[in-house]
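Engineer: Take this structure first; my questions come after.
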Amino acid sequence: MKKYELIFILKADQPESEMESRVAKVKDILTGYEGEITQENHWGVRRLAYEIQHENKGNYMFLKFRSNGEAITELDKQFRLDDQVLRHLIVVDEEWEDRNRAARLKRQQDSAKSAPVQAPVAE
């Protein structure tokens, strides 16, 4: 199972019960695909960087979860069909340490390849 991050934005004029029902729906979908939510963070109502569907504020929710790819397809479908969701984004959550370690190793390999070979000094 992979780790994912999900953020979605509801219209700001919706009551908190709407946000709770969306999170419950996400949990239901994930449990159906043997996934689990590992972190839940409600950011609240915030001003949008640009207008979306004539809305300038949105109610943000951030979730981290583990699941297989089939659940992602279902979540994406449900968010697209929901007219109260302004935007949603689901991305694979790579660990920062893993990305950093891989980048550092690649830089070391590249620098070793490009380092000039020095001829031995004759005495």
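We name chains A, B, ... following the order of the structure tokens; residues begin at 1 in each chain, and ligands are numbered from 1 as shown.
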Tell me, counting only C-alpha atoms, for each residue of range 45-75 of chain A within 9 Å of range 2-17 of chain A, which pair of atoms is nearest and how far apart they are in Å to one decimal, in rows ordered by chain and increasing number, as CSV.

Structural biologist:
residue,atom,partner,partner_atom,distance
A:Val45,CA,A:Ala12,CA,6.2
A:Arg46,CA,A:Ala12,CA,8.3
A:Glu55,CA,A:Lys11,CA,7.3
A:Asn56,CA,A:Ala12,CA,8.7
A:Lys57,CA,A:Ala12,CA,5.7
A:Gly58,CA,A:Ala12,CA,4.5
A:Asn59,CA,A:Leu10,CA,5.0
A:Tyr60,CA,A:Ile9,CA,4.6
A:Met61,CA,A:Phe8,CA,5.6
A:Phe62,CA,A:Ile7,CA,4.5
A:Leu63,CA,A:Leu6,CA,5.1
A:Lys64,CA,A:Glu5,CA,4.5
A:Phe65,CA,A:Tyr4,CA,5.4
A:Arg66,CA,A:Lys3,CA,4.4
A:Ser67,CA,A:Lys2,CA,5.8
A:Asn68,CA,A:Lys2,CA,6.2
A:Gly69,CA,A:Lys2,CA,8.0
A:Ile72,CA,A:Tyr4,CA,9.0

Engineer: From a backbone DSSP assignment, name each residue in chain A labelled strand (DSSP E or B), as a PyMOL selection string.

Structural biologist: chain A and resi 2-11+36-52+55-67+85-92

Engineer: Running DSSP on the backbone, which parts of range 3-37 of chain A land in alpha helix (DSSP H), as a PyMOL selection string?

Structural biologist: chain A and resi 16-32

Engineer: Put those residues in a file: N, CA, C and O atoms, as a PDB file, in the first residue's frame.

Structural biologist:
ATOM      1  N   GLU A  16     -20.493  22.929   9.046  1.00  0.00           N
ATOM      2  CA  GLU A  16     -19.431  21.971   9.401  1.00  0.00           C
ATOM      3  C   GLU A  16     -19.880  20.525   9.211  1.00  0.00           C
ATOM      4  O   GLU A  16     -19.061  19.652   8.954  1.00  0.00           O
ATOM      5  N   SER A  17     -21.165  20.277   9.335  1.00  0.00           N
ATOM      6  CA  SER A  17     -21.661  18.911   9.154  1.00  0.00           C
ATOM      7  C   SER A  17     -21.394  18.415   7.724  1.00  0.00           C
ATOM      8  O   SER A  17     -21.200  17.213   7.512  1.00  0.00           O
ATOM      9  N   GLU A  18     -21.356  19.325   6.760  1.00  0.00           N
ATOM     10  CA  GLU A  18     -21.045  18.932   5.380  1.00  0.00           C
ATOM     11  C   GLU A  18     -19.598  18.443   5.270  1.00  0.00           C
ATOM     12  O   GLU A  18     -19.313  17.469   4.588  1.00  0.00           O
ATOM     13  N   MET A  19     -18.694  19.155   5.947  1.00  0.00           N
ATOM     14  CA  MET A  19     -17.284  18.735   5.940  1.00  0.00           C
ATOM     15  C   MET A  19     -17.146  17.373   6.608  1.00  0.00           C
ATOM     16  O   MET A  19     -16.453  16.489   6.105  1.00  0.00           O
ATOM     17  N   GLU A  20     -17.820  17.204   7.724  1.00  0.00           N
ATOM     18  CA  GLU A  20     -17.762  15.925   8.443  1.00  0.00           C
ATOM     19  C   GLU A  20     -18.314  14.784   7.598  1.00  0.00           C
ATOM     20  O   GLU A  20     -17.773  13.673   7.622  1.00  0.00           O
ATOM     21  N   SER A  21     -19.371  15.047   6.833  1.00  0.00           N
ATOM     22  CA  SER A  21     -19.952  13.992   5.996  1.00  0.00           C
ATOM     23  C   SER A  21     -19.006  13.624   4.855  1.00  0.00           C
ATOM     24  O   SER A  21     -18.910  12.453   4.481  1.00  0.00           O
ATOM     25  N   ARG A  22     -18.260  14.611   4.301  1.00  0.00           N
ATOM     26  CA  ARG A  22     -17.284  14.313   3.242  1.00  0.00           C
ATOM     27  C   ARG A  22     -16.134  13.463   3.796  1.00  0.00           C
ATOM     28  O   ARG A  22     -15.689  12.517   3.149  1.00  0.00           O
ATOM     29  N   VAL A  23     -15.662  13.801   4.995  1.00  0.00           N
ATOM     30  CA  VAL A  23     -14.578  13.027   5.610  1.00  0.00           C
ATOM     31  C   VAL A  23     -15.068  11.609   5.910  1.00  0.00           C
ATOM     32  O   VAL A  23     -14.340  10.637   5.696  1.00  0.00           O
ATOM     33  N   ALA A  24     -16.289  11.473   6.387  1.00  0.00           N
ATOM     34  CA  ALA A  24     -16.856  10.141   6.652  1.00  0.00           C
ATOM     35  C   ALA A  24     -16.960   9.337   5.354  1.00  0.00           C
ATOM     36  O   ALA A  24     -16.684   8.127   5.349  1.00  0.00           O
ATOM     37  N   LYS A  25     -17.317  10.002   4.261  1.00  0.00           N
ATOM     38  CA  LYS A  25     -17.416   9.322   2.967  1.00  0.00           C
ATOM     39  C   LYS A  25     -16.038   8.831   2.516  1.00  0.00           C
ATOM     40  O   LYS A  25     -15.897   7.709   2.023  1.00  0.00           O
ATOM     41  N   VAL A  26     -15.006   9.672   2.717  1.00  0.00           N
ATOM     42  CA  VAL A  26     -13.636   9.276   2.378  1.00  0.00           C
ATOM     43  C   VAL A  26     -13.231   8.062   3.213  1.00  0.00           C
ATOM     44  O   VAL A  26     -12.666   7.093   2.693  1.00  0.00           O
ATOM     45  N   LYS A  27     -13.538   8.096   4.508  1.00  0.00           N
ATOM     46  CA  LYS A  27     -13.200   6.969   5.385  1.00  0.00           C
ATOM     47  C   LYS A  27     -13.900   5.687   4.934  1.00  0.00           C
ATOM     48  O   LYS A  27     -13.303   4.612   4.941  1.00  0.00           O
ATOM     49  N   ASP A  28     -15.162   5.807   4.545  1.00  0.00           N
ATOM     50  CA  ASP A  28     -15.916   4.637   4.068  1.00  0.00           C
ATOM     51  C   ASP A  28     -15.281   4.047   2.806  1.00  0.00           C
ATOM     52  O   ASP A  28     -15.146   2.821   2.685  1.00  0.00           O
ATOM     53  N   ILE A  29     -14.902   4.914   1.884  1.00  0.00           N
ATOM     54  CA  ILE A  29     -14.280   4.436   0.644  1.00  0.00           C
ATOM     55  C   ILE A  29     -12.963   3.749   0.957  1.00  0.00           C
ATOM     56  O   ILE A  29     -12.667   2.673   0.440  1.00  0.00           O
ATOM     57  N   LEU A  30     -12.162   4.370   1.821  1.00  0.00           N
ATOM     58  CA  LEU A  30     -10.852   3.786   2.146  1.00  0.00           C
ATOM     59  C   LEU A  30     -10.976   2.450   2.864  1.00  0.00           C
ATOM     60  O   LEU A  30     -10.232   1.519   2.572  1.00  0.00           O
ATOM     61  N   THR A  31     -11.910   2.340   3.810  1.00  0.00           N
ATOM     62  CA  THR A  31     -12.075   1.058   4.499  1.00  0.00           C
ATOM     63  C   THR A  31     -12.582  -0.008   3.539  1.00  0.00           C
ATOM     64  O   THR A  31     -12.257  -1.187   3.701  1.00  0.00           O
ATOM     65  N   GLY A  32     -13.360   0.392   2.539  1.00  0.00           N
ATOM     66  CA  GLY A  32     -13.811  -0.559   1.527  1.00  0.00           C
ATOM     67  C   GLY A  32     -12.660  -1.126   0.711  1.00  0.00           C
ATOM     68  O   GLY A  32     -12.740  -2.235   0.194  1.00  0.00           O
TER      69      GLY A  32
END

Engineer: Measure the distance from CA of Ile52 in chain A to CA of Val85 in chain A in Å and round it to one decimal.

Structural biologist: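 A separation of 10.4 Å between them.
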
Engineer: Of the candidates A:Ile90, A:Met1, A:Asp83, A:Asn100, which shows the shortest atom-to-atom distance to Gln53 in chain A, using only C-alpha atoms?

Structural biologist: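 When distances to Gln53 in chain A are compared using only C-alpha atoms, the smallest one comes from A:Asp83.
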
Engineer: CA of Leu86 in chain A and CA of Tyr50 in chain A, how far apart in Å?

Structural biologist: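 Spanning CA of Tyr50 in chain A to CA of Leu86 in chain A is a straight-line distance of 11.7 Å.
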
Engineer: Taking only C-alpha atoms into account, which of A:Arg87, A:Ala49, A:Leu105, A:Glu34 comes nearest Ala71 in chain A?

Structural biologist: A:Glu34

Engineer: Which value, in Å to one decimal, gives the distance between CA of Gly35 in chain A and CA of Lys77 in chain A?

Structural biologist: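 Separation between CA of Gly35 in chain A and CA of Lys77 in chain A: 17.0 Å.
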